[in-house]
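Content type compact mmCIF, C-alpha atoms, from the file target.txt:
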# COMPACT_ATOMS: atom_id res chain seq x y z
CA MET A 15 146.33 143.90 53.97
CA LYS A 16 145.41 142.62 57.41
CA SER A 17 147.78 140.90 59.81
CA PRO A 18 147.15 137.21 60.61
CA GLY A 19 146.06 138.31 64.10
CA ALA A 20 143.47 140.67 62.66
CA GLU A 21 142.16 137.95 60.34
CA ALA A 22 141.91 135.55 63.27
CA ASP A 23 139.93 138.23 65.13
CA ASP A 24 137.51 138.53 62.20
CA GLN A 25 136.88 134.79 62.31
CA LEU A 26 136.38 134.80 66.07
CA VAL A 27 133.90 137.67 65.87
CA LEU A 28 131.82 135.91 63.22
CA LEU A 29 131.82 132.67 65.21
CA ALA A 30 130.92 134.56 68.38
CA GLY A 31 128.00 136.13 66.53
CA ARG A 32 126.66 132.63 65.90
CA GLY A 33 126.87 131.82 69.57
CA ASP A 34 130.06 129.75 69.45
CA GLN A 35 131.00 129.58 73.14
CA ALA A 36 134.68 128.80 72.54
CA ALA A 37 135.02 131.84 70.27
CA ILE A 38 133.18 134.01 72.80
CA ARG A 39 135.50 132.94 75.62
CA THR A 40 138.61 133.39 73.48
CA LEU A 41 137.53 136.90 72.49
CA VAL A 42 136.78 137.88 76.07
CA ASN A 43 140.05 136.42 77.37
CA SER A 44 142.16 138.10 74.73
CA LYS A 45 140.48 141.52 74.56
CA LEU A 46 139.07 142.22 77.99
CA PRO A 47 142.34 142.95 79.87
CA ARG A 48 143.48 145.54 77.30
CA LEU A 49 140.02 147.04 77.06
CA LEU A 50 139.81 147.38 80.81
CA GLY A 51 143.29 148.93 80.86
CA LEU A 52 142.24 151.48 78.27
CA ALA A 53 139.09 152.42 80.18
CA ARG A 54 140.92 152.62 83.50
CA ARG A 55 143.59 154.89 82.09
CA MET A 56 141.02 157.08 80.38
CA LEU A 57 138.59 157.32 83.29
CA GLY A 58 140.79 156.76 86.34
CA ASP A 59 137.99 154.80 87.98
CA SER A 60 137.90 151.02 88.15
CA VAL A 61 134.12 150.66 88.56
CA GLU A 62 133.37 152.91 85.60
CA ALA A 63 136.08 151.14 83.61
CA GLU A 64 134.35 147.80 84.23
CA ASP A 65 131.05 149.30 83.07
CA VAL A 66 132.69 150.57 79.89
CA ALA A 67 134.31 147.19 79.22
CA GLN A 68 130.97 145.44 79.68
CA GLU A 69 129.08 147.94 77.50
CA THR A 70 131.73 147.59 74.80
CA PHE A 71 131.29 143.83 74.73
CA ILE A 72 127.52 144.17 74.62
CA LYS A 73 128.01 146.22 71.44
CA VAL A 74 130.38 143.54 70.15
CA TRP A 75 127.78 140.83 70.72
CA LYS A 76 125.12 142.95 69.06
CA PHE A 77 127.13 143.57 65.92
CA ALA A 78 129.18 140.37 65.77
CA ARG A 79 126.80 138.55 63.46
CA HIS A 80 126.87 141.47 61.03
CA TRP A 81 130.63 142.04 61.26
CA ARG A 82 132.05 142.60 57.80
CA PRO A 83 135.81 142.17 57.72
CA GLY A 84 136.83 145.34 55.91
CA ALA A 85 139.74 147.70 55.98
CA ALA A 86 139.56 148.48 59.71
CA SER A 87 140.63 145.78 62.10
CA PHE A 88 138.34 144.51 64.83
CA ASP A 89 140.86 145.71 67.42
CA THR A 90 140.72 149.28 66.09
CA TRP A 91 136.91 149.17 66.01
CA LEU A 92 136.89 147.84 69.57
CA HIS A 93 139.15 150.66 70.77
CA LYS A 94 136.98 153.21 69.00
CA VAL A 95 133.81 151.89 70.65
CA ALA A 96 135.45 151.87 74.09
CA LEU A 97 136.87 155.37 73.59
CA ASN A 98 133.45 156.71 72.62
CA LEU A 99 131.93 155.20 75.75
CA CYS A 100 134.71 156.81 77.79
CA TYR A 101 134.00 160.20 76.14
CA ASP A 102 130.32 159.87 77.05
CA ARG A 103 131.19 159.28 80.68
CA LEU A 104 133.75 162.09 80.78
CA ARG A 105 131.21 164.47 79.23
CA ARG A 106 128.56 163.40 81.76
CA ARG A 107 131.04 163.89 84.58
CA ARG A 108 131.88 167.35 83.33
CA ARG A 109 128.20 168.30 83.07
CA MET A 110 127.56 167.07 86.60
CA THR A 111 130.54 168.79 88.19
CA GLY A 112 130.57 171.78 85.83
CA GLU A 113 134.33 171.53 85.74
CA PRO A 114 136.45 171.99 82.63
CA PRO A 115 138.65 169.03 81.66
CA PRO A 116 141.85 168.98 83.68
CA ASP A 117 144.67 170.58 81.76
CA GLN A 118 147.21 171.01 84.51
CA VAL A 119 149.76 168.33 85.09
CA ASP A 120 150.64 167.02 88.49
CA GLU A 121 153.29 169.14 90.20
CA GLY A 122 154.96 166.13 91.72
CA PRO A 123 156.52 165.63 95.11
CA GLY A 124 159.34 167.58 96.68
CA PRO A 125 162.92 166.72 95.67
CA ASP A 126 163.78 165.10 99.00
CA ARG A 127 161.03 162.52 98.82
CA ASN A 128 162.21 159.00 98.35
CA LEU A 129 159.94 157.27 95.87
CA HIS A 130 159.25 153.62 95.64
CA ALA A 131 158.07 152.00 92.42
CA GLN A 132 154.48 152.24 93.62
CA ASP A 133 154.86 155.95 94.23
CA VAL A 134 156.43 156.37 90.80
CA GLY A 135 153.48 154.52 89.34
CA ARG A 136 151.05 156.80 91.12
CA ARG A 137 152.95 159.86 89.94
CA VAL A 138 152.88 158.66 86.36
CA SER A 139 149.18 157.85 86.57
CA ALA A 140 148.47 161.27 88.03
CA SER A 141 150.50 162.98 85.31
CA LEU A 142 148.66 161.02 82.65
CA ALA A 143 145.34 161.94 84.19
CA GLY A 144 146.37 165.60 84.09
CA LEU A 145 147.02 165.63 80.36
CA PRO A 146 144.48 167.24 78.03
CA GLN A 147 142.06 164.54 76.95
CA ARG A 148 143.20 164.09 73.34
CA GLN A 149 146.87 163.95 74.35
CA LYS A 150 146.06 161.37 76.97
CA GLU A 151 144.19 159.27 74.43
CA ALA A 152 147.11 159.40 72.03
CA ILE A 153 149.56 158.21 74.71
CA VAL A 154 147.22 155.55 76.03
CA LEU A 155 146.54 154.13 72.56
CA CYS A 156 150.11 154.23 71.27
CA HIS A 157 152.22 153.61 74.36
CA TYR A 158 150.02 151.42 76.55
CA GLN A 159 147.65 149.77 74.08
CA GLU A 160 150.50 149.47 71.56
CA LEU A 161 148.35 150.38 68.56
CA GLY A 162 150.23 151.38 65.43
CA ASN A 163 150.00 155.03 64.36
CA ILE A 164 147.45 154.27 61.62
CA GLU A 165 145.19 152.25 63.94
CA ALA A 166 145.43 154.81 66.73
CA ALA A 167 144.63 157.67 64.35
CA GLN A 168 141.62 155.71 63.03
CA ALA A 169 140.38 154.97 66.54
CA MET A 170 140.66 158.65 67.47
CA GLY A 171 139.28 159.91 64.18
CA VAL A 172 142.28 162.16 63.50
CA SER A 173 144.96 162.33 60.81
CA ILE A 174 148.29 160.59 61.29
CA GLU A 175 149.99 163.99 61.45
CA ALA A 176 147.60 165.18 64.15
CA LEU A 177 148.25 162.02 66.14
CA GLU A 178 152.00 162.56 65.93
CA SER A 179 151.59 166.12 67.13
CA LEU A 180 149.38 165.04 70.06
CA LEU A 181 151.89 162.37 71.04
CA ALA A 182 154.85 164.74 70.89
CA ARG A 183 153.05 167.34 73.02
CA ALA A 184 151.95 164.72 75.52
CA ARG A 185 155.43 163.32 75.89
CA ARG A 186 156.98 166.77 76.31
CA THR A 187 154.45 167.59 79.03
CA LEU A 188 155.04 164.27 80.76
CA ARG A 189 158.79 164.68 80.59
CA ALA A 190 158.50 168.13 82.18
CA SER A 191 156.20 166.95 84.95
CA LEU A 192 158.26 163.85 85.65
CA ALA A 193 161.65 165.50 85.17
CA ASP A 194 162.88 164.54 88.65
CA LEU A 195 162.16 160.89 87.88
CA ALA A 196 163.73 161.08 84.43
CA ALA A 197 166.96 162.28 86.01
CA ASP A 198 167.15 159.10 88.07
CA ASN A 199 166.66 156.81 85.10
CA MET B 14 165.37 161.24 56.87
CA ASN B 15 167.36 163.96 58.56
CA LEU B 16 168.21 164.25 62.24
CA ASN B 17 165.47 166.82 62.82
CA ARG B 18 162.77 164.44 61.58
CA PHE B 19 164.35 161.62 63.57
CA GLU B 20 164.07 163.75 66.72
CA GLN B 21 160.40 164.54 66.03
CA LEU B 22 159.62 160.85 65.68
CA ALA B 23 161.56 159.96 68.83
CA TRP B 24 159.57 162.60 70.71
CA ALA B 25 156.30 161.25 69.45
CA PHE B 26 156.79 157.49 69.47
CA GLY B 27 159.59 156.88 71.96
CA ALA B 28 162.82 154.92 71.69
CA ASP B 29 161.46 151.63 70.38
CA LEU B 30 161.71 151.81 66.60
CA GLY B 31 159.19 148.98 66.44
CA ARG B 32 156.57 151.50 67.57
CA TRP B 33 157.47 154.04 64.93
CA PRO B 34 155.35 154.40 61.78
CA LEU B 35 156.12 151.54 59.44
CA ALA B 36 156.90 153.95 56.61
CA ASP B 37 159.70 155.63 58.62
CA ARG B 38 161.43 152.65 60.18
CA GLU B 39 163.84 151.80 57.40
CA ALA B 40 165.01 155.40 57.02
CA ALA B 41 165.35 155.66 60.80
CA LEU B 42 167.52 152.56 60.94
CA HIS B 43 169.65 153.98 58.16
CA LEU B 44 170.13 157.19 60.15
CA VAL B 45 171.13 155.23 63.26
CA ALA B 46 173.75 153.49 61.13
CA THR B 47 175.07 156.64 59.49
CA GLU B 48 174.88 159.05 62.46
CA PRO B 49 175.02 156.73 65.45
CA ALA B 50 176.14 159.23 68.11
CA SER B 51 173.39 161.81 67.51
CA ALA B 52 170.66 159.27 66.78
CA GLU B 53 171.47 157.13 69.82
CA ALA B 54 171.56 160.17 72.10
CA LEU B 55 168.05 161.08 70.98
CA LEU B 56 166.86 157.51 71.47
CA ALA B 57 168.42 157.37 74.95
CA GLN B 58 166.56 160.53 75.92
CA ALA B 59 163.27 159.05 74.68
CA ALA B 60 164.01 155.75 76.43
CA ARG B 61 164.24 157.49 79.83
CA LEU B 62 160.66 158.67 79.49
CA ASP B 63 159.53 155.27 78.13
CA ARG B 64 160.91 153.55 81.22
CA ILE B 65 159.08 155.93 83.54
CA LEU B 66 155.81 155.60 81.63
CA ASN B 67 156.08 151.83 82.00
CA VAL B 68 156.01 152.17 85.78
CA THR B 69 152.35 153.15 86.00
CA ALA B 70 150.28 151.80 88.84
CA PRO B 71 149.63 148.15 87.99
CA LEU B 72 146.28 147.43 86.45
CA PRO B 73 144.45 144.58 88.16
CA ALA B 74 143.32 141.69 85.99
CA PRO B 75 139.63 141.62 85.08
CA SER B 76 137.58 139.99 87.79
CA ARG B 77 135.97 136.61 87.23
CA ALA B 78 132.56 138.18 87.88
CA LEU B 79 133.05 140.73 85.10
CA ARG B 80 134.24 138.04 82.72
CA GLU B 81 131.18 135.90 83.45
CA ARG B 82 128.76 138.83 83.14
CA ILE B 83 130.15 139.59 79.70
CA ILE B 84 130.05 135.95 78.58
CA LEU B 85 126.47 135.57 79.84
CA ALA B 86 125.41 138.52 77.70
CA ALA B 87 126.91 136.94 74.58
CA PRO B 88 124.80 135.45 71.80
CA ASN B 89 123.55 131.98 72.60
CA ALA B 90 124.12 129.21 70.08
CA ARG B 91 120.69 127.64 70.80
CA ALA B 92 118.92 130.98 70.47
CA PHE B 93 120.83 131.57 67.25
CA SER B 94 119.77 128.20 65.88
CA LEU B 95 116.14 128.73 66.97
CA ALA B 96 116.17 132.15 65.35
CA TRP B 97 117.44 130.59 62.15
CA ARG B 98 114.81 127.85 62.31
CA TRP B 99 112.12 130.45 62.86
CA LEU B 100 113.42 132.51 59.94
CA ALA B 101 113.60 129.42 57.73
CA GLY B 102 110.02 128.49 58.74
CA ALA B 103 108.86 132.03 58.08
CA ALA B 104 110.56 131.96 54.68
CA ILE B 105 108.88 128.64 53.77
CA GLY B 106 105.51 129.98 54.97
CA ALA B 107 105.96 133.15 52.97
CA THR B 108 106.89 131.13 49.88
CA MET B 109 103.83 128.93 50.26
CA ALA B 110 101.56 131.92 50.79
CA ALA B 111 103.01 133.54 47.70
CA ALA B 112 102.46 130.33 45.73
CA CYS B 113 98.82 130.15 46.90
CA ALA B 114 98.27 133.78 46.00
CA ALA B 115 99.79 133.17 42.58
CA GLY B 116 97.61 130.10 42.11
CA LEU B 117 94.47 132.02 43.04
CA ALA B 118 95.37 134.85 40.72
CA THR B 119 95.99 132.40 37.88
CA GLY B 120 92.81 130.57 38.67
CA ALA B 121 90.85 133.81 38.71
CA THR B 122 92.25 134.81 35.33
CA VAL B 123 92.11 131.47 33.51
CA GLY B 124 89.06 130.04 35.21
CA ALA B 125 86.88 133.14 35.17
CA PRO B 126 84.99 132.30 31.91
CA ALA B 127 84.45 128.73 33.10
CA LEU B 128 83.12 129.94 36.44
CA ALA B 129 80.86 132.36 34.63
CA SER B 130 79.43 129.48 32.53
CA VAL B 131 78.85 127.42 35.66
CA ARG B 132 77.15 130.43 37.25
CA LEU B 133 74.96 130.89 34.11
CA ALA B 134 74.17 127.19 34.03
CA VAL B 135 73.20 127.25 37.70
CA ASN B 136 71.14 130.39 37.17
CA ALA B 137 69.56 128.83 34.03
CA ASP B 138 68.73 125.67 35.94
CA ALA B 139 67.20 127.72 38.76
CA GLY B 140 65.22 129.78 36.27
CA ASP B 141 63.92 126.71 34.45
CA GLU B 142 62.88 125.11 37.73
CA ALA B 143 61.03 128.30 38.75
CA LEU B 144 59.25 128.40 35.43
CA ARG B 145 58.35 124.71 35.71
CA LEU B 146 57.03 125.29 39.25
CA LEU B 147 54.94 128.23 38.02
CA ARG B 148 53.54 126.18 35.10
CA ASP B 149 52.95 122.98 37.07
CA PRO B 150 52.67 123.80 40.76
CA PRO B 151 52.94 120.68 42.91
CA ASP B 152 49.82 119.45 44.62
CA LEU B 153 50.60 120.30 48.26
CA THR B 154 47.38 118.79 49.49
CA GLU B 155 48.52 115.28 48.64
CA GLY B 156 49.57 113.52 51.68

Please express what this file holds, its structure, as structure tokens.
Amino acid sequence: MKSPGAEADDQLVLLAGRGDQAAIRTLVNSKLPRLLGLARRMLGDSVEAEDVAQETFIKVWKFARHWRPGAASFDTWLHKVALNLCYDRLRRRRRMTGEPPPDQVDEGPGPDRNLHAQDVGRRVSASLAGLPQRQKEAIVLCHYQELGNIEAAQAMGVSIEALESLLARARRTLRASLADLAADN
Amino acid sequence: MNLNRFEQLAWAFGADLGRWPLADREAALHLVATEPASAEALLAQAARLDRILNVTAPLPAPSRALRERIILAAPNARAFSLAWRWLAGAAIGATMAAACAAGLATGATVGAPALASVRLAVNADAGDEALRLLRDPPDLTEG
């Protein structure tokens, strides 16, 4: 059974498909910030993230009229579309640079460095960017996008068990790379 | 749920039980109540990482320009209504064409013998006239 929020999304999508301007604005206002956040965390580039957000909405507008409220929520579908667009860009980037995906986490600063919140933020972002792609997705979807485990697994196209394993590995890696910060907290 | 499973879940989903899988929450709460020291220590460890992860570089809000670009690309109510009117018109046209085709087919089937009689009658009339003209040619010299 869908949550009231998911049912409201279904209604908005159908109205948007018929050109209802209020529904279109409501959808953009409610979904765009999270979508942009997802793309920025996945790609680490604000211009590309904007492109992904825009392309995702173009797909929304294209399919809105044919949206069939089924088992999957609109939010999960939206995340899946955005993730796929991010994969495409990451693949293209890899082809262009010929580089393998980054697997090494950020080493972090020396112990005597005094970090401000902004520096901590940058360290965390760098550590996230250094995670293997699937681990990063799992953390971004569950921790930052606050999707439930079932929705996140659906968006990633993996089993719930696989998602849990990816999350646990990601968090262990992050804890190791940010150990000096964890000690202060 | 045993403590080992509780630890696995804390590693994966962090300290906020609200983010844990729905199916595990009740058992997790029960474990916190029955083994508070061990369970809370594991949650505290997970919470330290949660707090750090929440200090990522702030994400700027979507720009007005991006918002407007997206809204401009959205379906237009007028275009939608025109499309529907066009479709409705096309449907009516198709129905009428089908009705005409059906009428012609019916007419061809039912009216074929009648048409044939008319054709015979016309041909008979033409033949009679030709014969009459051959028998009694008109006097073309009369002025």

Residue list for chain B near chain A as a VMD selection string, 8 Å, all atoms listed in the file | chain B and resid 21 to 22 24 to 26 32 to 34 61 to 62 64 to 66 68 to 72 74 to 75 79 to 80 82 to 84 86 to 91 93

Determine, counting all atoms listed in the file, which protein, DNA and RNA residues have an atom within 12 Å of an atom of Phe88 in chain A; residues of the same chain fewer than 5 positions away are not included. Present the result as a PDB file with C-alpha atoms, in the frame of the given file.
ATOM      1  CA  LYS A  16     145.410 142.620  57.410  1.00  0.00           C
ATOM      2  CA  SER A  17     147.780 140.900  59.810  1.00  0.00           C
ATOM      3  CA  GLY A  19     146.060 138.310  64.100  1.00  0.00           C
ATOM      4  CA  ALA A  20     143.470 140.670  62.660  1.00  0.00           C
ATOM      5  CA  GLU A  21     142.160 137.950  60.340  1.00  0.00           C
ATOM      6  CA  ALA A  22     141.910 135.550  63.270  1.00  0.00           C
ATOM      7  CA  ASP A  23     139.930 138.230  65.130  1.00  0.00           C
ATOM      8  CA  ASP A  24     137.510 138.530  62.200  1.00  0.00           C
ATOM      9  CA  GLN A  25     136.880 134.790  62.310  1.00  0.00           C
ATOM     10  CA  LEU A  26     136.380 134.800  66.070  1.00  0.00           C
ATOM     11  CA  VAL A  27     133.900 137.670  65.870  1.00  0.00           C
ATOM     12  CA  LEU A  28     131.820 135.910  63.220  1.00  0.00           C
ATOM     13  CA  LEU A  41     137.530 136.900  72.490  1.00  0.00           C
ATOM     14  CA  LYS A  45     140.480 141.520  74.560  1.00  0.00           C
ATOM     15  CA  VAL A  74     130.380 143.540  70.150  1.00  0.00           C
ATOM     16  CA  PHE A  77     127.130 143.570  65.920  1.00  0.00           C
ATOM     17  CA  ALA A  78     129.180 140.370  65.770  1.00  0.00           C
ATOM     18  CA  TRP A  81     130.630 142.040  61.260  1.00  0.00           C
ATOM     19  CA  ARG A  82     132.050 142.600  57.800  1.00  0.00           C
ATOM     20  CA  PRO A  83     135.810 142.170  57.720  1.00  0.00           C
ATOM     21  CA  HIS A  93     139.150 150.660  70.770  1.00  0.00           C
ATOM     22  CA  LYS A  94     136.980 153.210  69.000  1.00  0.00           C
ATOM     23  CA  VAL A  95     133.810 151.890  70.650  1.00  0.00           C
ATOM     24  CA  GLU A 165     145.190 152.250  63.940  1.00  0.00           C
ATOM     25  CA  GLN A 168     141.620 155.710  63.030  1.00  0.00           C
ATOM     26  CA  ALA A 169     140.380 154.970  66.540  1.00  0.00           C
TER      27      ALA A 169
END

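Interatomic distance, CA of Leu57 in chain A to CA of Ser44 in chain A: 21.3 Å.
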
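Atom to atom, CA of Ala54 in chain B and CA of Leu145 in chain A stand 26.5 Å apart.
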
Within 12 Å of range 39-42 of chain B using only C-alpha atoms, minus same-chain residues under 2 positions, as a count of residues only = 30

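We find CA of Leu97 in chain A and CA of Met170 in chain A to be spaced 7.9 Å apart.
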